[in-house]
Amino acid sequence: MMVIDRRKALLFGSATALRLLLFFAFPSLPDLLTGRVEISTPVTSFKRLQEGLFLYTHNVSPYDGGVFHQAPLLLSLFALIPSSLFSPLTSLLYIALDLLCTNALIQIAESREAGSSRLFTSPRKELKWDSIAIGAAYLFNPFTIATCIGRPISVFTNCAILHAIAKAVSGKPMSSILALGLASYLSLYPILLLPPLILLCYDRQARDKKETPPISTFAIKYTSLFFATKVWFLYISNILTGGSWEFISSTYSVQLLLPDLTPNMGLWWYFFIEIFDSFREFFLGIFWLHLGGYVGGLCIRIRRQPLFIITTLLGIFAIFKPYPSLSDTSLYFAMLPLYRHLFPLMRYTFFALATILYATLLGPAFYYLWIYAGSGNANFFYAITLVWSLGLSEIVADSLFAVLRDEWEVERPEMKGKDVRQI
């Protein structure tokens with residue numbers, strides 16, 4: 001146990017040192033990355049937070065102008081930081097958030113839920129990576145480092161999601177639901193994780209205890225707790241904003257209705273720029289229905305592995321949510337190494353990784369050609385975001401194939417190692 005603690009201390013120390021070096025040895029780097037569309041979106045931008053914080057500290061509502069789209073609790077948190085020490089203290093805050101995320105990820109890995117759930121045990125479960133190695137893969141992922149230096153607000157949401165999962169696999173459903181309630185308060189999309197998270201909490205509790213209530217009773221209880229938590233956060237926000245509910249439309253409606261079409265890594269902005277206004281409401285409904293439709297199907301088809309459902313949904317969010325960024329991708333890539341035992345079953349890993357590397361290198365170049373050089377147009381950047389989404393879609397689809405193949409070989413052992421062909 002002492003060896004593991006030393007390894008964790010070495011991991012956290014080296015990751016902290018690297019981030020401190022980037023923050024303080026290259027003082028212009030945080031501002032450079034904060035302005036990148038790959039890292040900051042209209043709903044997570046640190047620059048917009050600073051503008052809203054300036055108005056908030058001068059007793060002016062930041063929600064009046066239609067530019068600030070972040071939760072009031074974040075304003076109150078950052079308002080506590082002295083202005084003279086704002087830059088170094090926020091840097092330390094984001095480093096601490098990365099370490100908290102890693103600690104939760106290590107807890108998830110050590111639970112071994114990925115290889116052996118209550119209803120399914122993979123025959124390949126011994127093929128796994130050490131929890132410290134999984135934490136290192138997250139902390140030293142270039143996407144994670146860029147996100148930390150760029151300081152988007154989405155890091156808070158990611159931290160809450162990882163702690164919700166960590167508490168669920170630890171058999172603490174109440175803490176898990178409270179953490180998810182915080183995540184869905186900070187952003188809108190984590191509410192879609194509620195069904196698989198309840199399944200995960202139920203399975204862990206049923207494994208640890210001999211007597212458990214029916215799953216319907218369990219689901220009603222913790223769904224009620226989730227919405228009560230959400231209402232409590234909204235009530236606190238109402239108090240912080242002087243009794244105004246104006247923040248609801250600025251924080252949540254902007255994600256539902258997409259009024260800000262600032263370019264980002266997602267698929268929505270270009271489509272809704274080009275579409276006729278008369279069809280806007282229809283396609284908004286279609287896009288949200290498409291995003292939410294995965295939840296029910298995955299919960300039914302992969303019911304025996306709720307942690308994998310959550311992992312897959314995080315990948316889907318990184319592709320199809322209204323305002324995705326590198327932060328969402330880094331969260332999905334943090335969860336994927338938990339399923340090391342499925343990697344031999346994946347078929348297109350090289351092609352998918354090559355596609356993502358291609359888009360990562362050319363994305364900034366295409367954006368520069370469009371915005372700064374003036375030698376391109378919006379199609380340049382949107383084309384590379386399509387390539388990026390293709391690479392992520394390949395990984396999501398390939399991992400789904402791998403988990404279904406793994407379950408199929410348990411049901412039919414005689415088919416192990418044989419090719420599968422669609423007829």
# chains A, B, ... in the order shown; residues from 1 in each chain; ligands from 1

call {"tool": "closest_atom_pairs", "arguments": {"of": "range 299-344 of chain A", "to": "range 140-151 of chain A", "cutoff": "9 Å", "atoms": "only C-alpha atoms", "output": "CSV"}}
result
residue,atom,partner,partner_atom,distance
A:Ser325,CA,A:Thr147,CA,8.9
A:Leu326,CA,A:Phe143,CA,6.0
A:Ser327,CA,A:Thr147,CA,5.8
A:Thr329,CA,A:Phe143,CA,7.6
A:Ser330,CA,A:Thr144,CA,5.5
A:Leu331,CA,A:Thr144,CA,8.2
A:Phe333,CA,A:Asn141,CA,8.6
A:Ala334,CA,A:Asn141,CA,8.7

call {"tool": "write_last_selection", "arguments": {"atoms": "all heavy atoms", "output": "tab-separated table (two decimals), in the first residue's frame"}}
result
chain	number	residue	atom	x	y	z
A	325	SER	N	-16.11	20.66	-26.54
A	325	SER	CA	-14.75	21.19	-26.53
A	325	SER	C	-13.78	20.05	-26.22
A	325	SER	O	-14.20	18.91	-26.00
A	325	SER	CB	-14.61	22.31	-25.50
A	325	SER	OG	-14.76	21.79	-24.19
A	326	LEU	N	-12.50	20.39	-26.15
A	326	LEU	CA	-11.49	19.39	-25.80
A	326	LEU	C	-11.73	18.83	-24.40
A	326	LEU	O	-11.33	17.70	-24.10
A	326	LEU	CB	-10.10	20.00	-25.87
A	326	LEU	CG	-9.48	20.17	-27.26
A	326	LEU	CD1	-8.09	20.78	-27.13
A	326	LEU	CD2	-9.41	18.85	-28.00
A	327	SER	N	-12.34	19.61	-23.54
A	327	SER	CA	-12.63	19.15	-22.19
A	327	SER	C	-13.51	17.90	-22.20
A	327	SER	O	-13.28	16.95	-21.44
A	327	SER	CB	-13.31	20.26	-21.39
A	327	SER	OG	-13.70	19.83	-20.12
A	329	THR	N	-13.79	15.74	-24.70
A	329	THR	CA	-13.00	14.64	-25.26
A	329	THR	C	-12.04	14.07	-24.23
A	329	THR	O	-11.86	12.85	-24.14
A	329	THR	CB	-12.23	15.14	-26.49
A	329	THR	OG1	-13.14	15.74	-27.42
A	329	THR	CG2	-11.51	13.99	-27.17
A	330	SER	N	-11.40	14.94	-23.45
A	330	SER	CA	-10.46	14.46	-22.44
A	330	SER	C	-11.17	13.64	-21.37
A	330	SER	O	-10.60	12.67	-20.85
A	330	SER	CB	-9.72	15.64	-21.80
A	330	SER	OG	-10.60	16.45	-21.04
A	331	LEU	N	-12.42	13.98	-21.05
A	331	LEU	CA	-13.18	13.19	-20.08
A	331	LEU	C	-13.49	11.81	-20.64
A	331	LEU	O	-13.37	10.80	-19.93
A	331	LEU	CB	-14.47	13.93	-19.71
A	331	LEU	CG	-15.39	13.22	-18.72
A	331	LEU	CD1	-14.69	12.97	-17.38
A	331	LEU	CD2	-16.67	14.03	-18.49
A	333	PHE	N	-11.78	10.22	-23.00
A	333	PHE	CA	-10.51	9.48	-23.08
A	333	PHE	C	-10.01	9.07	-21.70
A	333	PHE	O	-9.20	8.14	-21.58
A	333	PHE	CB	-9.47	10.33	-23.79
A	333	PHE	CG	-9.65	10.40	-25.28
A	333	PHE	CD1	-8.88	11.25	-26.05
A	333	PHE	CD2	-10.58	9.61	-25.92
A	333	PHE	CE1	-9.03	11.31	-27.43
A	333	PHE	CE2	-10.76	9.65	-27.30
A	333	PHE	CZ	-9.98	10.51	-28.06
A	334	ALA	N	-10.46	9.76	-20.65
A	334	ALA	CA	-10.08	9.35	-19.29
A	334	ALA	C	-10.76	8.05	-18.90
A	334	ALA	O	-10.18	7.23	-18.17
A	334	ALA	CB	-10.46	10.45	-18.29

call {"tool": "closest_residue", "arguments": {"among": "A:Ala166, A:Met265, A:Ala114, A:Leu284", "to": "Leu342 in chain A", "atoms": "only C-alpha atoms"}}
result
A:Ala114

call {"tool": "closest_residue", "arguments": {"among": "A:Phe308, A:Lys125, A:Ser40, A:Pro213", "to": "Ile165 in chain A", "atoms": "only C-alpha atoms"}}
result
A:Phe308

call {"tool": "residues_around", "arguments": {"residues": "range 189-199 of chain A", "least_positions_apart": "6", "cutoff": "7 Å", "atoms": "only C-alpha atoms", "output": "list in words"}}
result
Leu180, Ala183, Ala219, Gly292, Val295, Cys299, Pro306, Ile309 and Ile310 of chain A

call {"tool": "write_last_selection", "arguments": {"atoms": "N, CA and C atoms", "output": "PDB file, in the first residue's frame"}}
result
ATOM      1  N   LEU A 180     -23.948  14.406  -9.187  1.00  0.00           N
ATOM      2  CA  LEU A 180     -24.538  14.562 -10.523  1.00  0.00           C
ATOM      3  C   LEU A 180     -25.472  15.766 -10.550  1.00  0.00           C
ATOM      4  N   ALA A 183     -23.325  18.657 -11.165  1.00  0.00           N
ATOM      5  CA  ALA A 183     -22.876  18.683 -12.565  1.00  0.00           C
ATOM      6  C   ALA A 183     -23.980  19.189 -13.486  1.00  0.00           C
ATOM      7  N   ALA A 219     -35.129   3.718  -8.011  1.00  0.00           N
ATOM      8  CA  ALA A 219     -35.028   4.760  -9.037  1.00  0.00           C
ATOM      9  C   ALA A 219     -35.870   5.982  -8.671  1.00  0.00           C
ATOM     10  N   GLY A 292     -30.584  12.701 -26.921  1.00  0.00           N
ATOM     11  CA  GLY A 292     -31.194  11.992 -25.795  1.00  0.00           C
ATOM     12  C   GLY A 292     -31.621  10.576 -26.116  1.00  0.00           C
ATOM     13  N   VAL A 295     -29.759   7.318 -24.744  1.00  0.00           N
ATOM     14  CA  VAL A 295     -29.782   6.907 -23.341  1.00  0.00           C
ATOM     15  C   VAL A 295     -30.621   5.655 -23.147  1.00  0.00           C
ATOM     16  N   CYS A 299     -29.203   1.867 -22.240  1.00  0.00           N
ATOM     17  CA  CYS A 299     -29.587   1.311 -20.934  1.00  0.00           C
ATOM     18  C   CYS A 299     -30.304  -0.025 -21.072  1.00  0.00           C
ATOM     19  N   PRO A 306     -23.501  -0.926 -16.627  1.00  0.00           N
ATOM     20  CA  PRO A 306     -23.895   0.495 -16.584  1.00  0.00           C
ATOM     21  C   PRO A 306     -22.711   1.461 -16.651  1.00  0.00           C
ATOM     22  N   ILE A 309     -22.081   2.141 -20.172  1.00  0.00           N
ATOM     23  CA  ILE A 309     -23.106   3.037 -20.727  1.00  0.00           C
ATOM     24  C   ILE A 309     -22.706   4.485 -20.482  1.00  0.00           C
ATOM     25  N   ILE A 310     -22.271   4.782 -19.261  1.00  0.00           N
ATOM     26  CA  ILE A 310     -21.854   6.143 -18.927  1.00  0.00           C
ATOM     27  C   ILE A 310     -20.659   6.557 -19.775  1.00  0.00           C
TER      28      ILE A 310
END

call {"tool": "residues_around", "arguments": {"residues": "Gly171 in chain A", "least_positions_apart": "3", "cutoff": "7 Å", "atoms": "only C-alpha atoms", "output": "ChimeraX atom specification"}}
result
/A:167-168,201,204-205

call {"tool": "write_last_selection", "arguments": {"atoms": "all heavy atoms", "output": "mmCIF file, in the first residue's frame"}}
result
data_model
loop_
_atom_site.group_PDB
_atom_site.id
_atom_site.type_symbol
_atom_site.label_atom_id
_atom_site.label_comp_id
_atom_site.auth_asym_id
_atom_site.auth_seq_id
_atom_site.Cartn_x
_atom_site.Cartn_y
_atom_site.Cartn_z
ATOM 1 N N LYS A 167 -18.366 7.795 -6.499
ATOM 2 C CA LYS A 167 -19.228 7.506 -5.353
ATOM 3 C C LYS A 167 -20.185 6.356 -5.664
ATOM 4 O O LYS A 167 -20.507 5.539 -4.788
ATOM 5 C CB LYS A 167 -20.016 8.753 -4.961
ATOM 6 C CG LYS A 167 -19.152 9.903 -4.444
ATOM 7 C CD LYS A 167 -18.370 9.506 -3.198
ATOM 8 C CE LYS A 167 -17.538 10.658 -2.674
ATOM 9 N NZ LYS A 167 -16.691 10.262 -1.513
ATOM 10 N N ALA A 168 -20.627 6.270 -6.913
ATOM 11 C CA ALA A 168 -21.530 5.179 -7.288
ATOM 12 C C ALA A 168 -20.840 3.825 -7.170
ATOM 13 O O ALA A 168 -21.401 2.873 -6.618
ATOM 14 C CB ALA A 168 -22.037 5.389 -8.714
ATOM 15 N N CYS A 201 -25.551 2.654 -9.381
ATOM 16 C CA CYS A 201 -25.716 2.719 -7.918
ATOM 17 C C CYS A 201 -26.486 1.505 -7.401
ATOM 18 O O CYS A 201 -26.129 0.916 -6.372
ATOM 19 C CB CYS A 201 -26.453 4.005 -7.532
ATOM 20 S SG CYS A 201 -25.506 5.522 -7.752
ATOM 21 N N ARG A 204 -24.279 -1.744 -7.550
ATOM 22 C CA ARG A 204 -23.256 -1.785 -6.499
ATOM 23 C C ARG A 204 -23.872 -2.040 -5.135
ATOM 24 O O ARG A 204 -23.315 -2.776 -4.314
ATOM 25 C CB ARG A 204 -22.464 -0.472 -6.484
ATOM 26 C CG ARG A 204 -21.626 -0.240 -7.701
ATOM 27 C CD ARG A 204 -20.548 -1.270 -7.912
ATOM 28 N NE ARG A 204 -19.526 -1.260 -6.864
ATOM 29 C CZ ARG A 204 -18.379 -1.895 -6.945
ATOM 30 N NH1 ARG A 204 -18.093 -2.614 -8.033
ATOM 31 N NH2 ARG A 204 -17.495 -1.850 -5.965
ATOM 32 N N GLN A 205 -25.036 -1.437 -4.879
ATOM 33 C CA GLN A 205 -25.681 -1.664 -3.591
ATOM 34 C C GLN A 205 -26.212 -3.086 -3.496
ATOM 35 O O GLN A 205 -26.138 -3.718 -2.434
ATOM 36 C CB GLN A 205 -26.810 -0.653 -3.387
ATOM 37 C CG GLN A 205 -27.279 -0.542 -1.950
ATOM 38 C CD GLN A 205 -28.180 0.653 -1.726
ATOM 39 O OE1 GLN A 205 -29.225 0.761 -2.349
ATOM 40 N NE2 GLN A 205 -27.798 1.539 -0.820
#

call {"tool": "atom_distance", "arguments": {"atom1": "CA of Pro344 in chain A", "atom2": "CA of Arg124 in chain A"}}
result
9.9 Å

call {"tool": "residues_around", "arguments": {"residues": "range 42-56 of chain A", "least_positions_apart": "6", "cutoff": "6 Å", "atoms": "only C-alpha atoms", "output": "list of chain:residue names"}}
result
A:Pro62, A:His69, A:Leu75, A:Pro152, A:Ile153, A:Ser154

call {"tool": "write_last_selection", "arguments": {"atoms": "all heavy atoms", "output": "PDB file, in the first residue's frame"}}
result
ATOM      1  N   PRO A  62     -24.757  40.286 -14.576  1.00  0.00           N
ATOM      2  CA  PRO A  62     -24.066  39.861 -15.809  1.00  0.00           C
ATOM      3  C   PRO A  62     -24.997  39.172 -16.798  1.00  0.00           C
ATOM      4  O   PRO A  62     -24.595  38.894 -17.936  1.00  0.00           O
ATOM      5  CB  PRO A  62     -22.998  38.902 -15.295  1.00  0.00           C
ATOM      6  CG  PRO A  62     -23.560  38.359 -14.031  1.00  0.00           C
ATOM      7  CD  PRO A  62     -24.386  39.460 -13.418  1.00  0.00           C
ATOM      8  N   HIS A  69     -23.200  33.118 -19.755  1.00  0.00           N
ATOM      9  CA  HIS A  69     -24.066  31.934 -19.733  1.00  0.00           C
ATOM     10  C   HIS A  69     -23.637  30.919 -18.674  1.00  0.00           C
ATOM     11  O   HIS A  69     -23.823  29.712 -18.869  1.00  0.00           O
ATOM     12  CB  HIS A  69     -24.063  31.257 -21.102  1.00  0.00           C
ATOM     13  CG  HIS A  69     -24.395  32.173 -22.241  1.00  0.00           C
ATOM     14  ND1 HIS A  69     -25.572  32.881 -22.306  1.00  0.00           N
ATOM     15  CD2 HIS A  69     -23.683  32.501 -23.356  1.00  0.00           C
ATOM     16  CE1 HIS A  69     -25.597  33.594 -23.421  1.00  0.00           C
ATOM     17  NE2 HIS A  69     -24.451  33.391 -24.069  1.00  0.00           N
ATOM     18  N   LEU A  75     -19.816  32.425 -10.138  1.00  0.00           N
ATOM     19  CA  LEU A  75     -19.517  33.838  -9.905  1.00  0.00           C
ATOM     20  C   LEU A  75     -19.149  34.080  -8.446  1.00  0.00           C
ATOM     21  O   LEU A  75     -18.169  34.771  -8.141  1.00  0.00           O
ATOM     22  CB  LEU A  75     -20.716  34.698 -10.276  1.00  0.00           C
ATOM     23  CG  LEU A  75     -20.955  34.981 -11.761  1.00  0.00           C
ATOM     24  CD1 LEU A  75     -22.254  35.746 -11.942  1.00  0.00           C
ATOM     25  CD2 LEU A  75     -19.797  35.765 -12.354  1.00  0.00           C
ATOM     26  N   PRO A 152     -11.340  26.472 -18.963  1.00  0.00           N
ATOM     27  CA  PRO A 152     -12.785  26.555 -19.198  1.00  0.00           C
ATOM     28  C   PRO A 152     -13.559  26.100 -17.967  1.00  0.00           C
ATOM     29  O   PRO A 152     -13.058  25.338 -17.139  1.00  0.00           O
ATOM     30  CB  PRO A 152     -12.996  25.587 -20.368  1.00  0.00           C
ATOM     31  CG  PRO A 152     -11.915  24.579 -20.194  1.00  0.00           C
ATOM     32  CD  PRO A 152     -10.728  25.337 -19.660  1.00  0.00           C
ATOM     33  N   ILE A 153     -14.785  26.544 -17.869  1.00  0.00           N
ATOM     34  CA  ILE A 153     -15.626  26.197 -16.728  1.00  0.00           C
ATOM     35  C   ILE A 153     -16.051  24.728 -16.764  1.00  0.00           C
ATOM     36  O   ILE A 153     -16.432  24.154 -15.748  1.00  0.00           O
ATOM     37  CB  ILE A 153     -16.866  27.124 -16.705  1.00  0.00           C
ATOM     38  CG1 ILE A 153     -16.406  28.580 -16.635  1.00  0.00           C
ATOM     39  CG2 ILE A 153     -17.771  26.824 -15.525  1.00  0.00           C
ATOM     40  CD1 ILE A 153     -15.477  28.873 -15.469  1.00  0.00           C
ATOM     41  N   SER A 154     -15.953  24.095 -17.922  1.00  0.00           N
ATOM     42  CA  SER A 154     -16.356  22.695 -18.058  1.00  0.00           C
ATOM     43  C   SER A 154     -15.534  21.766 -17.175  1.00  0.00           C
ATOM     44  O   SER A 154     -15.960  20.638 -16.904  1.00  0.00           O
ATOM     45  CB  SER A 154     -16.256  22.248 -19.517  1.00  0.00           C
ATOM     46  OG  SER A 154     -14.977  22.563 -20.038  1.00  0.00           O
TER      47      SER A 154
END

call {"tool": "residues_around", "arguments": {"residues": "Ala354 in chain A", "least_positions_apart": "4", "cutoff": "12 Å", "atoms": "only C-alpha atoms", "output": "list of chain:residue names"}}
result
A:Tyr348, A:Thr349, A:Phe350, A:Tyr358, A:Ala359, A:Thr360, A:Leu361, A:Val387, A:Trp388, A:Leu390, A:Gly391, A:Leu392, A:Glu394, A:Ile395

call {"tool": "write_last_selection", "arguments": {"atoms": "N, CA and C atoms", "output": "PDB file, in the first residue's frame"}}
result
ATOM      1  N   TYR A 348     -10.713  -0.828 -35.524  1.00  0.00           N
ATOM      2  CA  TYR A 348     -10.275   0.332 -36.303  1.00  0.00           C
ATOM      3  C   TYR A 348      -9.534   1.351 -35.443  1.00  0.00           C
ATOM      4  N   THR A 349      -8.790   0.867 -34.460  1.00  0.00           N
ATOM      5  CA  THR A 349      -8.116   1.774 -33.524  1.00  0.00           C
ATOM      6  C   THR A 349      -7.118   2.684 -34.239  1.00  0.00           C
ATOM      7  N   PHE A 350      -6.294   2.116 -35.095  1.00  0.00           N
ATOM      8  CA  PHE A 350      -5.285   2.925 -35.777  1.00  0.00           C
ATOM      9  C   PHE A 350      -5.933   3.982 -36.656  1.00  0.00           C
ATOM     10  N   TYR A 358      -4.962  13.771 -37.185  1.00  0.00           N
ATOM     11  CA  TYR A 358      -5.061  14.599 -38.397  1.00  0.00           C
ATOM     12  C   TYR A 358      -5.891  15.851 -38.118  1.00  0.00           C
ATOM     13  N   ALA A 359      -7.049  15.672 -37.473  1.00  0.00           N
ATOM     14  CA  ALA A 359      -7.917  16.809 -37.180  1.00  0.00           C
ATOM     15  C   ALA A 359      -7.298  17.727 -36.125  1.00  0.00           C
ATOM     16  N   THR A 360      -6.587  17.138 -35.162  1.00  0.00           N
ATOM     17  CA  THR A 360      -5.945  17.945 -34.113  1.00  0.00           C
ATOM     18  C   THR A 360      -4.886  18.871 -34.701  1.00  0.00           C
ATOM     19  N   LEU A 361      -4.130  18.377 -35.671  1.00  0.00           N
ATOM     20  CA  LEU A 361      -3.056  19.175 -36.260  1.00  0.00           C
ATOM     21  C   LEU A 361      -3.580  20.201 -37.260  1.00  0.00           C
ATOM     22  N   VAL A 387     -14.270  15.884 -39.626  1.00  0.00           N
ATOM     23  CA  VAL A 387     -13.249  14.838 -39.534  1.00  0.00           C
ATOM     24  C   VAL A 387     -13.013  14.464 -38.067  1.00  0.00           C
ATOM     25  N   TRP A 388     -12.934  15.471 -37.199  1.00  0.00           N
ATOM     26  CA  TRP A 388     -12.766  15.236 -35.771  1.00  0.00           C
ATOM     27  C   TRP A 388     -13.906  14.382 -35.225  1.00  0.00           C
ATOM     28  N   LEU A 390     -15.815  12.416 -36.890  1.00  0.00           N
ATOM     29  CA  LEU A 390     -15.709  11.078 -37.483  1.00  0.00           C
ATOM     30  C   LEU A 390     -14.757  10.213 -36.671  1.00  0.00           C
ATOM     31  N   GLY A 391     -13.601  10.765 -36.287  1.00  0.00           N
ATOM     32  CA  GLY A 391     -12.649   9.993 -35.493  1.00  0.00           C
ATOM     33  C   GLY A 391     -13.223   9.558 -34.157  1.00  0.00           C
ATOM     34  N   LEU A 392     -13.896  10.468 -33.467  1.00  0.00           N
ATOM     35  CA  LEU A 392     -14.519  10.109 -32.188  1.00  0.00           C
ATOM     36  C   LEU A 392     -15.631   9.087 -32.391  1.00  0.00           C
ATOM     37  N   GLU A 394     -15.811   6.821 -34.648  1.00  0.00           N
ATOM     38  CA  GLU A 394     -15.195   5.513 -34.893  1.00  0.00           C
ATOM     39  C   GLU A 394     -14.831   4.832 -33.575  1.00  0.00           C
ATOM     40  N   ILE A 395     -14.277   5.600 -32.640  1.00  0.00           N
ATOM     41  CA  ILE A 395     -13.894   5.013 -31.355  1.00  0.00           C
ATOM     42  C   ILE A 395     -15.123   4.578 -30.567  1.00  0.00           C
TER      43      ILE A 395
END

call {"tool": "atom_distance", "arguments": {"atom1": "CA of Leu257 in chain A", "atom2": "CA of Asp64 in chain A"}}
result
17.4 Å

call {"tool": "residues_around", "arguments": {"residues": "range 232-239 of chain A", "least_positions_apart": "3", "cutoff": "8 Å", "atoms": "only C-alpha atoms", "output": "list in words"}}
result
Ala71, Pro72, Leu73, Leu182, Tyr185, Ala228, Thr229, Gly242, Gly243, Ser244 and Trp245 of chain A

call {"tool": "select_by_dssp", "arguments": {"residues": "range 122-269 of chain A", "states": "alpha helix (DSSP H)", "output": "MDAnalysis selection string"}}
result
chainID A and resid 131:139 142:150 154:169 173:186 194:208 215:240 246:248 254:257 268:269

call {"tool": "closest_residue", "arguments": {"among": "A:Leu105, A:Asp260, A:Ser278, A:Ala373", "to": "Ala137 in chain A", "atoms": "only C-alpha atoms"}}
result
A:Leu105

call {"tool": "closest_residue", "arguments": {"among": "A:Tyr138, A:Tyr270, A:Phe218, A:Phe78", "to": "Met174 in chain A", "atoms": "only C-alpha atoms"}}
result
A:Phe218

call {"tool": "closest_residue", "arguments": {"among": "A:Leu240, A:Ser187, A:Ile108, A:Thr312", "to": "His163 in chain A", "atoms": "only C-alpha atoms"}}
result
A:Ile108

call {"tool": "decode", "arguments": {"residues": "range 22-34 of chain A", "atoms": "N, CA and C atoms", "output": "PDB file, in the first residue's frame"}}
result
ATOM      1  N   LEU A  22       4.048  25.445 -17.081  1.00  0.00           N
ATOM      2  CA  LEU A  22       3.344  26.021 -18.227  1.00  0.00           C
ATOM      3  C   LEU A  22       2.634  27.324 -17.855  1.00  0.00           C
ATOM      4  N   PHE A  23       2.067  27.367 -16.648  1.00  0.00           N
ATOM      5  CA  PHE A  23       1.353  28.571 -16.218  1.00  0.00           C
ATOM      6  C   PHE A  23       2.298  29.756 -16.008  1.00  0.00           C
ATOM      7  N   PHE A  24       3.414  29.512 -15.326  1.00  0.00           N
ATOM      8  CA  PHE A  24       4.242  30.626 -14.867  1.00  0.00           C
ATOM      9  C   PHE A  24       5.488  30.872 -15.718  1.00  0.00           C
ATOM     10  N   ALA A  25       5.991  29.858 -16.402  1.00  0.00           N
ATOM     11  CA  ALA A  25       7.140  30.068 -17.290  1.00  0.00           C
ATOM     12  C   ALA A  25       6.699  30.628 -18.642  1.00  0.00           C
ATOM     13  N   PHE A  26       5.448  30.391 -19.011  1.00  0.00           N
ATOM     14  CA  PHE A  26       4.902  30.911 -20.268  1.00  0.00           C
ATOM     15  C   PHE A  26       3.637  31.711 -19.945  1.00  0.00           C
ATOM     16  N   PRO A  27       3.766  32.917 -19.413  1.00  0.00           N
ATOM     17  CA  PRO A  27       2.599  33.671 -18.917  1.00  0.00           C
ATOM     18  C   PRO A  27       1.581  34.026 -19.989  1.00  0.00           C
ATOM     19  N   SER A  28       1.988  34.056 -21.261  1.00  0.00           N
ATOM     20  CA  SER A  28       1.027  34.374 -22.327  1.00  0.00           C
ATOM     21  C   SER A  28       0.236  33.152 -22.788  1.00  0.00           C
ATOM     22  N   LEU A  29       0.686  31.948 -22.395  1.00  0.00           N
ATOM     23  CA  LEU A  29       0.029  30.727 -22.863  1.00  0.00           C
ATOM     24  C   LEU A  29      -1.412  30.589 -22.366  1.00  0.00           C
ATOM     25  N   PRO A  30      -1.720  30.852 -21.078  1.00  0.00           N
ATOM     26  CA  PRO A  30      -3.118  30.729 -20.638  1.00  0.00           C
ATOM     27  C   PRO A  30      -4.079  31.610 -21.435  1.00  0.00           C
ATOM     28  N   ASP A  31      -3.715  32.859 -21.685  1.00  0.00           N
ATOM     29  CA  ASP A  31      -4.593  33.750 -22.452  1.00  0.00           C
ATOM     30  C   ASP A  31      -4.728  33.277 -23.894  1.00  0.00           C
ATOM     31  N   LEU A  32      -3.648  32.726 -24.456  1.00  0.00           N
ATOM     32  CA  LEU A  32      -3.708  32.206 -25.817  1.00  0.00           C
ATOM     33  C   LEU A  32      -4.690  31.047 -25.910  1.00  0.00           C
ATOM     34  N   LEU A  33      -4.577  30.097 -24.987  1.00  0.00           N
ATOM     35  CA  LEU A  33      -5.457  28.922 -25.024  1.00  0.00           C
ATOM     36  C   LEU A  33      -6.886  29.271 -24.617  1.00  0.00           C
ATOM     37  N   THR A  34      -7.045  30.261 -23.750  1.00  0.00           N
ATOM     38  CA  THR A  34      -8.395  30.665 -23.339  1.00  0.00           C
ATOM     39  C   THR A  34      -9.200  31.166 -24.526  1.00  0.00           C
TER      40      THR A  34
END
